[in-house]
>>> print(open('structure_7.tsv').read())   # TSV, C-alpha atoms
chain	number	residue	atom	x	y	z
A	1	MET	CA	122.70	85.38	78.48
A	2	GLU	CA	122.33	87.26	75.22
A	3	ASN	CA	122.06	85.12	72.12
A	4	LYS	CA	123.92	85.57	68.84
A	5	LEU	CA	120.80	86.62	66.95
A	6	THR	CA	120.40	89.82	68.99
A	7	LYS	CA	124.09	90.65	69.43
A	8	HIS	CA	123.82	93.95	67.55
A	9	ILE	CA	120.17	94.95	67.86
A	10	TRP	CA	118.11	96.65	70.57
A	11	LEU	CA	114.52	95.46	70.54
A	12	PRO	CA	111.53	97.71	71.34
A	13	TYR	CA	109.63	97.42	74.63
A	14	THR	CA	112.00	94.64	75.67
A	15	GLN	CA	114.19	93.98	78.67
A	16	MET	CA	116.96	92.41	76.62
A	17	LYS	CA	118.47	90.55	79.59
A	18	LEU	CA	115.23	88.72	80.36
A	19	ALA	CA	113.78	88.23	76.89
A	20	ASN	CA	113.60	84.95	75.03
A	21	GLU	CA	115.31	84.71	71.68
A	22	PRO	CA	113.08	86.57	69.21
A	23	LEU	CA	111.45	84.82	66.31
A	24	GLN	CA	112.94	85.36	62.88
A	25	ALA	CA	110.43	85.98	60.10
A	26	VAL	CA	111.33	85.18	56.51
A	27	ALA	CA	108.04	85.71	54.67
A	28	THR	CA	104.47	86.92	55.08
A	29	GLN	CA	101.27	86.23	53.20
A	30	GLY	CA	97.66	87.06	54.02
A	31	SER	CA	97.41	86.66	57.81
A	32	HIS	CA	100.44	84.37	58.11
A	33	ILE	CA	104.05	84.87	59.16
A	34	THR	CA	106.58	82.22	58.04
A	35	LEU	CA	109.53	81.70	60.37
A	36	ALA	CA	113.14	80.81	59.62
A	37	ASP	CA	112.74	77.46	61.37
A	38	GLY	CA	109.86	76.55	59.07
A	39	GLY	CA	107.14	77.43	61.54
A	40	ASN	CA	104.01	79.33	60.59
A	41	LEU	CA	102.01	81.74	62.74
A	42	ILE	CA	98.57	83.26	62.29
A	43	ASP	CA	99.06	86.96	62.97
A	44	GLY	CA	96.33	88.19	65.31
A	45	VAL	CA	97.56	91.79	65.51
A	46	ALA	CA	98.31	92.59	61.84
A	47	SER	CA	101.81	93.87	62.63
A	48	TRP	CA	100.72	96.44	65.18
A	49	TRP	CA	97.41	97.03	63.36
A	50	THR	CA	98.96	98.13	60.05
A	51	ALA	CA	98.33	95.24	57.63
A	52	CYS	CA	94.60	95.87	57.33
A	53	HIS	CA	94.35	94.15	53.90
A	54	GLY	CA	96.58	91.27	54.98
A	55	TYR	CA	100.20	90.89	54.01
A	56	ASN	CA	101.44	91.17	50.43
A	57	HIS	CA	98.25	92.30	48.76
A	58	PRO	CA	99.09	92.18	45.02
A	59	HIS	CA	97.50	95.54	44.20
A	60	ILE	CA	99.68	97.36	46.72
A	61	LEU	CA	102.80	95.47	45.68
A	62	GLN	CA	102.22	96.26	42.02
A	63	ALA	CA	101.77	99.96	42.74
A	64	MET	CA	104.97	100.00	44.77
A	65	GLN	CA	106.95	98.12	42.12
A	66	LYS	CA	105.84	100.61	39.48
A	67	GLN	CA	106.76	103.58	41.68
A	68	LEU	CA	110.07	102.01	42.70
A	69	GLN	CA	111.19	101.82	39.09
A	70	GLN	CA	110.09	105.38	38.36
A	71	MET	CA	111.07	107.39	41.47
A	72	PRO	CA	111.43	105.83	44.92
A	73	HIS	CA	112.15	109.15	46.58
A	74	VAL	CA	112.64	112.86	46.01
A	75	MET	CA	112.79	115.63	48.58
A	76	PHE	CA	109.50	117.39	49.31
A	77	GLY	CA	111.13	120.77	49.96
A	78	GLY	CA	110.22	122.96	47.00
A	79	ILE	CA	109.36	119.88	44.90
A	80	VAL	CA	106.07	117.98	44.81
A	81	HIS	CA	105.02	114.83	42.99
A	82	GLU	CA	101.86	113.15	41.79
A	83	PRO	CA	101.63	110.33	44.39
A	84	ALA	CA	101.63	112.85	47.26
A	85	LEU	CA	99.29	115.31	45.54
A	86	LYS	CA	96.85	112.51	44.75
A	87	LEU	CA	97.02	111.07	48.27
A	88	ALA	CA	96.53	114.46	49.93
A	89	ALA	CA	93.44	115.14	47.81
A	90	ARG	CA	92.00	111.72	48.62
A	91	LEU	CA	92.59	112.06	52.36
A	92	ALA	CA	91.00	115.52	52.35
A	93	ALA	CA	87.99	114.09	50.52
A	94	LEU	CA	87.68	111.12	52.90
A	95	ALA	CA	87.99	113.13	56.10
A	96	PRO	CA	84.83	114.89	57.27
A	97	GLY	CA	84.37	118.65	57.08
A	98	ASP	CA	87.11	120.99	55.93
A	99	LEU	CA	90.18	118.97	56.97
A	100	ASN	CA	91.70	120.12	53.70
A	101	ARG	CA	95.42	120.58	54.45
A	102	VAL	CA	97.62	117.49	54.67
A	103	PHE	CA	101.13	117.55	56.15
A	104	PHE	CA	102.98	114.29	55.52
A	105	VAL	CA	105.42	112.84	58.05
A	106	ASP	CA	107.32	109.61	58.70
A	107	SER	CA	105.43	108.02	61.59
A	108	GLY	CA	102.47	108.29	63.92
A	109	SER	CA	104.44	109.82	66.76
A	110	ILE	CA	105.70	112.56	64.46
A	111	ALA	CA	102.17	113.18	63.21
A	112	VAL	CA	101.20	113.96	66.80
A	113	GLU	CA	104.35	116.04	67.37
A	114	VAL	CA	103.47	118.12	64.32
A	115	ALA	CA	99.88	118.49	65.52
A	116	LEU	CA	101.11	119.87	68.84
A	117	LYS	CA	103.51	122.19	67.06
A	118	MET	CA	100.72	123.40	64.79
A	119	ALA	CA	98.47	124.09	67.76
A	120	VAL	CA	101.06	126.05	69.72
A	121	GLN	CA	102.09	128.11	66.68
A	122	TYR	CA	98.45	128.66	65.74
A	123	TRP	CA	98.08	130.69	68.93
A	124	LEU	CA	101.50	132.32	68.56
A	125	ASN	CA	100.56	133.53	65.10
A	126	LYS	CA	97.41	134.97	66.64
A	127	GLY	CA	99.48	136.87	69.21
A	128	GLN	CA	98.70	134.59	72.18
A	129	LYS	CA	102.12	133.51	73.45
A	130	ASP	CA	101.13	131.74	76.66
A	131	ARG	CA	98.96	129.01	75.13
A	132	ASN	CA	101.43	126.12	75.03
A	133	ARG	CA	99.97	123.34	77.19
A	134	PHE	CA	97.56	120.52	76.37
A	135	ILE	CA	94.85	118.49	78.01
A	136	SER	CA	94.96	114.75	77.35
A	137	PHE	CA	93.14	111.92	79.08
A	138	ARG	CA	93.82	109.30	81.71
A	139	ASN	CA	94.99	106.02	80.09
A	140	GLY	CA	95.86	107.85	76.89
A	141	TYR	CA	98.81	107.06	74.65
A	142	HIS	CA	100.06	109.12	71.70
A	143	GLY	CA	103.55	107.85	70.91
A	144	ASP	CA	107.06	107.51	72.26
A	145	THR	CA	108.74	110.75	71.16
A	146	MET	CA	109.28	113.49	73.71
A	147	ALA	CA	106.21	115.72	73.37
A	148	CYS	CA	104.02	112.66	72.75
A	149	MET	CA	105.24	111.05	75.97
A	150	SER	CA	104.14	114.13	77.89
A	151	LEU	CA	100.54	113.49	76.77
A	152	CYS	CA	100.53	109.95	78.15
A	153	ASP	CA	99.28	109.06	81.60
A	154	PRO	CA	102.29	109.87	83.85
A	155	ASP	CA	101.15	107.50	86.60
A	156	GLU	CA	99.88	104.45	84.72
A	157	GLY	CA	101.60	104.68	81.34
A	158	MET	CA	104.91	103.18	80.20
A	159	HIS	CA	106.56	106.61	80.30
A	160	ALA	CA	106.15	107.17	84.04
A	161	HIS	CA	109.96	107.10	84.41
A	162	PHE	CA	110.12	110.51	82.75
A	163	LYS	CA	107.63	112.28	84.99
A	164	GLY	CA	109.10	115.59	86.12
A	165	TRP	CA	111.38	115.87	83.12
A	166	LEU	CA	108.88	115.97	80.25
A	167	PRO	CA	106.81	119.07	79.47
A	168	GLU	CA	103.98	119.16	81.98
A	169	GLN	CA	100.57	118.64	80.45
A	170	ILE	CA	97.17	118.35	82.11
A	171	ILE	CA	95.76	114.82	82.41
A	172	ALA	CA	91.97	114.77	82.72
A	173	GLU	CA	89.25	112.19	83.20
A	174	GLN	CA	86.97	111.64	80.22
A	175	PRO	CA	83.55	113.32	80.49
A	176	VAL	CA	81.50	110.12	80.73
A	177	ASP	CA	78.65	111.45	82.91
A	178	ASN	CA	77.26	114.72	84.24
A	179	ALA	CA	79.71	114.96	87.13
A	180	SER	CA	82.85	114.29	85.08
A	181	THR	CA	81.56	116.55	82.29
A	182	ALA	CA	81.19	119.42	84.75
A	183	ILE	CA	84.73	118.81	86.03
A	184	PHE	CA	86.14	118.72	82.49
A	185	GLU	CA	84.37	121.93	81.49
A	186	ALA	CA	85.56	123.68	84.66
A	187	LEU	CA	89.09	122.60	83.80
A	188	LEU	CA	88.79	124.00	80.28
A	189	ASN	CA	87.48	127.28	81.63
A	190	GLN	CA	90.14	127.49	84.32
A	191	GLU	CA	93.11	126.67	82.09
A	192	LYS	CA	92.04	128.14	78.74
A	193	HIS	CA	94.48	131.05	79.00
A	194	ARG	CA	97.42	128.61	78.77
A	195	LEU	CA	95.92	125.76	76.74
A	196	ALA	CA	96.81	125.22	73.09
A	197	GLY	CA	94.41	122.32	72.69
A	198	VAL	CA	92.86	119.03	73.78
A	199	VAL	CA	94.17	115.69	72.49
A	200	ILE	CA	92.09	112.51	72.42
A	201	GLU	CA	92.05	109.02	70.93
A	202	PRO	CA	88.53	108.53	69.52
A	203	LEU	CA	86.42	105.64	70.85
A	204	VAL	CA	89.41	103.45	71.81
A	205	GLN	CA	92.44	104.23	73.94
A	206	GLY	CA	94.87	101.79	72.36
A	207	VAL	CA	98.17	101.22	74.16
A	208	GLY	CA	96.62	102.60	77.35
A	209	GLY	CA	94.67	99.34	77.66
A	210	MET	CA	92.28	99.10	74.70
A	211	LYS	CA	89.69	100.98	76.73
A	212	PHE	CA	86.48	101.89	74.88
A	213	HIS	CA	84.27	104.94	75.27
A	214	ALA	CA	80.98	105.86	73.65
A	215	PRO	CA	80.70	108.26	70.69
A	216	GLU	CA	78.76	110.57	73.02
A	217	VAL	CA	81.92	111.09	75.09
A	218	LEU	CA	83.89	112.16	72.02
A	219	ARG	CA	81.01	114.39	70.93
A	220	LYS	CA	80.89	116.05	74.35
A	221	VAL	CA	84.63	116.75	74.25
A	222	ALA	CA	84.25	118.33	70.81
A	223	GLU	CA	81.28	120.43	71.88
A	224	LEU	CA	83.06	121.77	74.94
A	225	CYS	CA	86.21	122.54	72.97
A	226	ALA	CA	84.13	124.52	70.47
A	227	LYS	CA	82.26	126.29	73.27
A	228	HIS	CA	85.50	127.43	74.91
A	229	GLY	CA	87.40	128.23	71.71
A	230	MET	CA	89.82	125.34	72.15
A	231	LEU	CA	91.59	123.44	69.39
A	232	LEU	CA	90.71	119.74	69.31
A	233	ILE	CA	93.35	117.27	68.12
A	234	VAL	CA	92.12	113.73	67.40
A	235	ASP	CA	94.67	110.93	67.21
A	236	GLU	CA	93.28	108.34	64.76
A	237	ILE	CA	96.62	106.61	64.22
A	238	PHE	CA	95.24	103.36	65.66
A	239	THR	CA	91.54	103.79	64.93
A	240	GLY	CA	91.71	105.23	61.40
A	241	PHE	CA	91.03	103.27	58.21
A	242	GLY	CA	88.21	101.04	59.35
A	243	ARG	CA	89.49	99.59	62.61
A	244	THR	CA	86.44	100.65	64.69
A	245	GLY	CA	83.89	99.86	61.97
A	246	THR	CA	83.84	103.18	60.11
A	247	MET	CA	86.59	104.66	57.96
A	248	PHE	CA	87.39	107.04	60.80
A	249	ALA	CA	86.18	106.72	64.38
A	250	ILE	CA	85.14	110.40	64.45
A	251	GLU	CA	82.39	109.58	61.97
A	252	GLN	CA	80.52	107.70	64.72
A	253	ALA	CA	80.42	110.88	66.81
A	254	GLY	CA	79.67	113.19	63.89
A	255	ILE	CA	82.51	115.58	64.75
A	256	VAL	CA	85.20	117.44	62.82
A	257	PRO	CA	88.37	118.05	64.88
A	258	ASP	CA	90.61	120.99	64.16
A	259	ILE	CA	93.58	118.66	63.59
A	260	LEU	CA	93.52	114.95	62.73
A	261	CYS	CA	96.47	112.54	62.99
A	262	LEU	CA	96.64	109.45	60.74
A	263	GLY	CA	99.17	106.64	60.35
A	264	LYS	CA	99.51	102.89	61.02
A	265	ALA	CA	97.25	101.35	58.32
A	266	LEU	CA	97.70	104.29	55.93
A	267	THR	CA	99.99	102.28	53.63
A	268	GLY	CA	98.28	98.94	54.22
A	269	GLY	CA	101.14	97.65	56.36
A	270	THR	CA	103.95	98.11	53.84
A	271	MET	CA	105.93	101.27	54.62
A	272	THR	CA	106.12	103.96	57.24
A	273	LEU	CA	104.00	107.03	56.47
A	274	ALA	CA	101.71	109.25	58.49
A	275	ALA	CA	99.86	112.52	58.07
A	276	THR	CA	98.56	115.45	60.06
A	277	LEU	CA	95.41	117.03	58.60
A	278	ALA	CA	94.30	120.54	59.52
A	279	ARG	CA	91.08	122.44	58.99
A	280	ASP	CA	91.09	125.55	56.86
A	281	HIS	CA	91.01	127.96	59.80
A	282	VAL	CA	94.12	126.33	61.29
A	283	PHE	CA	96.01	126.62	58.01
A	284	ASP	CA	94.82	130.22	57.59
A	285	ALA	CA	96.63	131.20	60.80
A	286	PHE	CA	99.92	130.33	59.02
A	287	TRP	CA	99.02	132.08	55.74
A	288	SER	CA	100.91	135.35	56.07
A	289	ASP	CA	103.22	137.90	54.51
A	290	ASP	CA	105.49	137.20	57.47
A	291	ALA	CA	107.90	134.36	56.65
A	292	ASN	CA	108.27	133.64	60.37
A	293	ALA	CA	104.60	132.63	60.52
A	294	ALA	CA	105.33	129.51	58.43
A	295	LEU	CA	105.29	126.01	59.93
A	296	MET	CA	109.01	125.25	60.18
A	297	HIS	CA	108.95	121.48	60.08
A	298	GLY	CA	110.07	119.05	57.39
A	299	PRO	CA	111.02	115.38	57.89
A	300	THR	CA	113.64	114.33	55.34
A	301	TYR	CA	111.51	111.52	53.93
A	302	MET	CA	108.15	113.26	54.22
A	303	ALA	CA	105.73	112.39	51.42
A	304	ASN	CA	108.05	109.63	50.23
A	305	PRO	CA	106.71	108.73	46.75
A	306	LEU	CA	107.02	104.98	47.31
A	307	ALA	CA	105.04	105.18	50.56
A	308	CYS	CA	102.45	107.48	48.95
A	309	ALA	CA	102.02	104.98	46.10
A	310	ALA	CA	101.37	102.25	48.67
A	311	ALA	CA	98.86	104.46	50.50
A	312	ASN	CA	97.02	105.31	47.30
A	313	ALA	CA	96.81	101.61	46.47
A	314	SER	CA	95.51	100.89	49.97
A	315	LEU	CA	92.77	103.50	49.52
A	316	ASP	CA	91.92	101.85	46.18
A	317	LEU	CA	91.21	98.64	48.09
A	318	PHE	CA	88.87	100.40	50.49
A	319	GLU	CA	86.97	101.64	47.42
A	320	ARG	CA	86.99	98.37	45.47
A	321	GLU	CA	86.74	95.69	48.14
A	322	PRO	CA	84.17	95.36	50.97
A	323	ARG	CA	86.51	96.25	53.83
A	324	LEU	CA	83.96	97.84	56.18
A	325	GLN	CA	81.53	94.97	55.65
A	326	GLN	CA	84.38	92.60	56.49
A	327	VAL	CA	85.03	94.54	59.69
A	328	LYS	CA	81.38	94.26	60.64
A	329	LYS	CA	81.52	90.48	60.16
A	330	LEU	CA	84.78	90.28	62.12
A	331	GLU	CA	83.13	92.16	64.97
A	332	SER	CA	80.37	89.57	65.16
A	333	LEU	CA	82.74	86.60	64.89
A	334	MET	CA	85.16	87.95	67.51
A	335	ARG	CA	82.34	88.70	69.92
A	336	GLN	CA	81.10	85.15	69.49
A	337	GLY	CA	84.57	83.60	69.64
A	338	LEU	CA	85.87	85.48	72.69
A	339	GLU	CA	82.67	85.40	74.75
A	340	PRO	CA	83.49	82.00	76.33
A	341	CYS	CA	86.51	83.65	77.98
A	342	ARG	CA	84.16	85.76	80.10
A	343	LYS	CA	83.27	82.77	82.29
A	344	LEU	CA	86.88	81.83	83.00
A	345	PRO	CA	88.61	82.62	86.30
A	346	GLY	CA	90.82	85.68	86.21
A	347	ILE	CA	88.87	87.31	83.35
A	348	VAL	CA	87.11	90.55	84.26
A	349	ASP	CA	85.87	91.72	80.85
A	350	VAL	CA	85.54	90.79	77.21
A	351	ARG	CA	84.83	93.60	74.77
A	352	VAL	CA	84.76	94.03	70.99
A	353	MET	CA	84.49	97.04	68.72
A	354	GLY	CA	84.92	96.73	64.97
A	355	ALA	CA	88.06	94.68	64.32
A	356	ILE	CA	89.29	95.02	67.92
A	357	GLY	CA	88.77	92.21	70.42
A	358	VAL	CA	89.92	92.47	74.04
A	359	VAL	CA	90.13	90.02	76.91
A	360	GLN	CA	90.91	91.81	80.15
A	361	LEU	CA	92.48	89.95	83.05
A	362	ASP	CA	92.27	90.75	86.73
A	363	LYS	CA	96.05	91.24	86.81
A	364	PRO	CA	98.94	91.35	84.32
A	365	PRO	CA	100.05	87.86	83.26
A	366	ASP	CA	103.57	86.60	82.65
A	367	HIS	CA	103.71	87.97	79.12
A	368	ILE	CA	106.83	86.07	78.10
A	369	ALA	CA	105.36	82.73	79.15
A	370	LEU	CA	101.95	83.58	77.67
A	371	ARG	CA	103.45	84.55	74.33
A	372	GLN	CA	105.44	81.31	74.21
A	373	LYS	CA	102.28	79.25	74.79
A	374	LEU	CA	100.55	81.08	71.95
A	375	ILE	CA	103.50	80.58	69.61
A	376	GLU	CA	103.54	76.86	70.38
A	377	ARG	CA	99.95	76.75	69.17
A	378	GLY	CA	100.75	78.62	65.94
A	379	VAL	CA	99.43	82.03	66.98
A	380	TRP	CA	101.14	85.43	67.09
A	381	VAL	CA	99.54	87.76	69.63
A	382	ARG	CA	101.32	90.41	71.74
A	383	SER	CA	99.60	90.89	75.07
A	384	PHE	CA	100.45	93.83	77.31
A	385	GLY	CA	99.38	95.21	80.67
A	386	ASP	CA	96.33	93.30	81.87
A	387	ILE	CA	94.92	92.52	78.41
A	388	ILE	CA	95.17	90.08	75.54
A	389	TYR	CA	93.88	91.63	72.36
A	390	LEU	CA	93.20	90.87	68.70
A	391	THR	CA	93.44	93.38	65.86
A	392	PRO	CA	93.58	91.07	62.83
A	393	ALA	CA	93.68	91.91	59.16
A	394	PHE	CA	90.21	92.70	57.84
A	395	THR	CA	90.70	89.95	55.24
A	396	ILE	CA	91.47	87.16	57.71
A	397	GLY	CA	89.65	83.90	57.04
A	398	GLU	CA	86.95	82.62	59.38
A	399	GLY	CA	88.96	79.52	60.17
A	400	GLU	CA	92.05	81.57	60.98
A	401	LEU	CA	90.07	83.89	63.24
A	402	GLU	CA	88.43	80.93	64.94
A	403	LYS	CA	91.86	79.48	65.72
A	404	LEU	CA	92.91	82.81	67.25
A	405	THR	CA	89.88	83.09	69.51
A	406	GLN	CA	89.83	79.42	70.48
A	407	THR	CA	93.54	79.49	71.30
A	408	ILE	CA	93.16	82.50	73.57
A	409	CYS	CA	90.24	80.90	75.39
A	410	ALA	CA	92.17	77.61	75.72
A	411	ILE	CA	95.27	79.35	77.09
A	412	MET	CA	93.17	81.17	79.67
A	413	GLN	CA	91.77	77.85	80.97
A	414	VAL	CA	95.23	76.46	81.75
>>> encode(input="structure_7.tsv", output="structure tokens")
Amino acid sequence: MENKLTKHIWLPYTQMKLANEPLQAVATQGSHITLADGGNLIDGVASWWTACHGYNHPHILQAMQKQLQQMPHVMFGGIVHEPALKLAARLAALAPGDLNRVFFVDSGSIAVEVALKMAVQYWLNKGQKDRNRFISFRNGYHGDTMACMSLCDPDEGMHAHFKGWLPEQIIAEQPVDNASTAIFEALLNQEKHRLAGVVIEPLVQGVGGMKFHAPEVLRKVAELCAKHGMLLIVDEIFTGFGRTGTMFAIEQAGIVPDILCLGKALTGGTMTLAATLARDHVFDAFWSDDANAALMHGPTYMANPLACAAANASLDLFEREPRLQQVKKLESLMRQGLEPCRKLPGIVDVRVMGAIGVVQLDKPPDHIALRQKLIERGVWVRSFGDIIYLTPAFTIGEGELEKLTQTICAIMQV
């Protein structure tokens, strides 16, 4: 029976009829969530990986308060403003190569949607009208909006219901060895007349199961795309801003994609904002005396000044505070803390990369019951599929992280 608290809301990824009453948060600080009933939880997932500096960092809050008093929002159509101009320049400088053009959007899914739209119109503007399909990879996930859903694994992903109705893309296996590399290259060669690009999550496939792949795999994909004249779109919405141990995961492979999608931790876990970055040659395909060659896209709140102020403050913290060193330490501590789980029955793998820790089970657990056990022990972790994972704030204390890892190991022994 539905409870009064959820009478007028529709929760994400939730069968409302079966779900327990949701927790009600009233405050956050550092790596802690305070609940309405007085309870306190250590957040092991940093609000879906966004709060990389922890909650309520004073530098970000001060920047937002200043911007809020001056100009919380103004349309970005025909008007620009300093927070967006500054942020675009900083992102272009941080990203490798000539990813010099920044298109701001509201969310990660829309960043991917815009990337796809850019890729298709890139070829249209070059007179190639049939190149409107994409290759993505098994176990991939790129968002919940319509075109993004079409990139997700239609057999294993959460969007399998929509198979046959979504635009049909090509789902490939990652080129992890000689045999799979040969198959991937043959696919590129066979389909290149209708392909607009290849889309990949670098180093970690997030919602598809926190599956890791080596930098060499990403490098091989980039090399083959370049060899066959294919646009490469890299989705760093999860991995960007230090999560895998470098500012961007692509740095570990030494590649420069044609289009790069950013989001999640961009504003340090404060407001929704994302961006799609394009290399110069992609932008040049839209630079024309023909008005119809323009990119006709413009979210109402794109480049929101308040969100841009938060993002600029977040980038300040990456410059001023030792975030990547903290991630390196987290990697070591999580590997040490989760390793005991490997010996437990029902556990098939334990893996860690940067500030991502994963315990993989031999089958999906009862997630509702598992989450309740974690909450009772003062821990907030959202498991899914056949994994329990940690993506904590980079600033989390050693004691807090130890409680997270010990609690997961203890739960798995029951």
>>> closest_residue(input="structure_7.tsv", among="A:Tyr13, A:Phe212, A:Phe184, A:Phe162", to="A:Ala249", atoms="only C-alpha atoms")
A:Phe212
>>> residues_around(input="structure_7.tsv", residues="A:Val352", least_positions_apart="5", cutoff="9 Å", atoms="all atoms listed in the file", output="list of chain:residue names")
A:Phe212, A:Glu331, A:Ser332, A:Met334, A:Arg335, A:Leu338, A:Gly357, A:Val358, A:Val359
>>> residues_around(input="structure_7.tsv", residues="A:Asp280", least_positions_apart="6", cutoff="12 Å", atoms="only C-alpha atoms", output="ChimeraX atom specification")
/A:92,97-102,122,256-259,286-287
>>> closest_residue(input="structure_7.tsv", among="A:Ile170, A:Val234, A:Val105, A:Met71", to="A:Ala303", atoms="only C-alpha atoms")
A:Val105
>>> closest_residue(input="structure_7.tsv", among="A:Gly378, A:Pro299, A:Gly240, A:Pro392", to="A:Leu333", atoms="all atoms listed in the file")
A:Pro392
>>> closest_residue(input="structure_7.tsv", among="A:Arg279, A:Arg133, A:Lys211, A:Arg138", to="A:Lys192", atoms="only C-alpha atoms")
A:Arg133
>>> residues_near_point(input="structure_7.tsv", point="(100.3, 82.1, 81.2)", cutoff="12 Å", atoms="all atoms listed in the file", output="PyMOL selection string")
chain A and resi 346+361+363-374+383+386+388+408-414
>>> closest_atom_pairs(input="structure_7.tsv", of="stretch 266-356 of chain A", to="stretch 52-57 of chain A", cutoff="12 Å", atoms="only C-alpha atoms", output="tab-separated table")
residue	atom	partner	partner_atom	distance
A:Leu266	CA	A:Cys52	CA	9.1
A:Thr267	CA	A:Cys52	CA	9.2
A:Gly268	CA	A:Cys52	CA	5.7
A:Gly269	CA	A:Cys52	CA	6.8
A:Thr270	CA	A:Asn56	CA	8.1
A:Met271	CA	A:Asn56	CA	11.8
A:Ala310	CA	A:His57	CA	10.4
A:Ala311	CA	A:His53	CA	11.8
A:Ala313	CA	A:His57	CA	9.7
A:Ser314	CA	A:His53	CA	7.9
A:Leu315	CA	A:His53	CA	10.4
A:Asp316	CA	A:His53	CA	11.2
A:Leu317	CA	A:His53	CA	8.0
A:Phe318	CA	A:His53	CA	9.0
A:Arg320	CA	A:His53	CA	12.0
A:Glu321	CA	A:His53	CA	9.7
A:Pro322	CA	A:His53	CA	10.7
A:Arg323	CA	A:His53	CA	8.1
A:Leu324	CA	A:Cys52	CA	10.9
A:Gln326	CA	A:His53	CA	10.4
A:Val327	CA	A:Cys52	CA	9.9
A:Ala355	CA	A:Cys52	CA	9.6
A:Ile356	CA	A:Cys52	CA	11.9
>>> write_last_selection(input="structure_7.tsv", atoms="C-alpha atoms", output="PDB file, in the coordinates of the input")
ATOM      1  CA  LEU A 266      97.700 104.290  55.930  1.00  0.00           C
ATOM      2  CA  THR A 267      99.990 102.280  53.630  1.00  0.00           C
ATOM      3  CA  GLY A 268      98.280  98.940  54.220  1.00  0.00           C
ATOM      4  CA  GLY A 269     101.140  97.650  56.360  1.00  0.00           C
ATOM      5  CA  THR A 270     103.950  98.110  53.840  1.00  0.00           C
ATOM      6  CA  MET A 271     105.930 101.270  54.620  1.00  0.00           C
ATOM      7  CA  ALA A 310     101.370 102.250  48.670  1.00  0.00           C
ATOM      8  CA  ALA A 311      98.860 104.460  50.500  1.00  0.00           C
ATOM      9  CA  ALA A 313      96.810 101.610  46.470  1.00  0.00           C
ATOM     10  CA  SER A 314      95.510 100.890  49.970  1.00  0.00           C
ATOM     11  CA  LEU A 315      92.770 103.500  49.520  1.00  0.00           C
ATOM     12  CA  ASP A 316      91.920 101.850  46.180  1.00  0.00           C
ATOM     13  CA  LEU A 317      91.210  98.640  48.090  1.00  0.00           C
ATOM     14  CA  PHE A 318      88.870 100.400  50.490  1.00  0.00           C
ATOM     15  CA  ARG A 320      86.990  98.370  45.470  1.00  0.00           C
ATOM     16  CA  GLU A 321      86.740  95.690  48.140  1.00  0.00           C
ATOM     17  CA  PRO A 322      84.170  95.360  50.970  1.00  0.00           C
ATOM     18  CA  ARG A 323      86.510  96.250  53.830  1.00  0.00           C
ATOM     19  CA  LEU A 324      83.960  97.840  56.180  1.00  0.00           C
ATOM     20  CA  GLN A 326      84.380  92.600  56.490  1.00  0.00           C
ATOM     21  CA  VAL A 327      85.030  94.540  59.690  1.00  0.00           C
ATOM     22  CA  ALA A 355      88.060  94.680  64.320  1.00  0.00           C
ATOM     23  CA  ILE A 356      89.290  95.020  67.920  1.00  0.00           C
TER      24      ILE A 356
END
>>> residues_around(input="structure_7.tsv", residues="A:Ser288", least_positions_apart="5", cutoff="10 Å", atoms="all atoms listed in the file", output="PDB file with C-alpha atoms, keeping the file's coordinate frame")
ATOM      1  CA  ASN A 125     100.560 133.530  65.100  1.00  0.00           C
ATOM      2  CA  ALA A 293     104.600 132.630  60.520  1.00  0.00           C
ATOM      3  CA  ALA A 294     105.330 129.510  58.430  1.00  0.00           C
TER       4      ALA A 294
END
>>> residues_around(input="structure_7.tsv", residues="A:Met230", least_positions_apart="6", cutoff="8 Å", atoms="all atoms listed in the file", output="number ranges by chain")
A: 192, 195-198
>>> atom_distance(input="structure_7.tsv", atom1="atom CA of A:His193", atom2="atom CA of A:His228")
10.5 Å
>>> atom_distance(input="structure_7.tsv", atom1="atom CA of A:Cys261", atom2="atom CA of A:Lys66")
28.0 Å
>>> residues_near_point(input="structure_7.tsv", point="(98.3, 116.9, 60.8)", cutoff="7 Å", atoms="all atoms listed in the file", output="number ranges by chain")
A: 102-103, 111, 114-115, 259-261, 275-278
>>> residues_around(input="structure_7.tsv", residues="A:His142", least_positions_apart="5", cutoff="12 Å", atoms="all atoms listed in the file", output="JSON, numbers by chain")
{"A": [107, 108, 109, 110, 111, 112, 113, 115, 116, 136, 137, 147, 148, 149, 150, 151, 152, 153, 157, 158, 159, 199, 200, 201, 202, 205, 206, 207, 208, 233, 234, 235, 236, 237, 238, 261, 262, 263]}
>>> closest_residue(input="structure_7.tsv", among="A:His59, A:Lys86, A:Arg351, A:Arg131", to="A:Val204", atoms="only C-alpha atoms")
A:Arg351
>>> atom_distance(input="structure_7.tsv", atom1="atom CA of A:Gly385", atom2="atom CA of A:Tyr141")
13.3 Å
>>> axis_aligned_box(input="structure_7.tsv", around="stretch 229-237 of chain A", padding_each_side="4 Å", output="JSON")
{"center_x": 92.0, "center_y": 117.4, "center_z": 68.2, "size_x": 17.2, "size_y": 29.6, "size_z": 15.9}
>>> closest_residue(input="structure_7.tsv", among="A:Ala265, A:Ala214, A:Val120, A:Leu18", to="A:Val282", atoms="only C-alpha atoms")
A:Val120
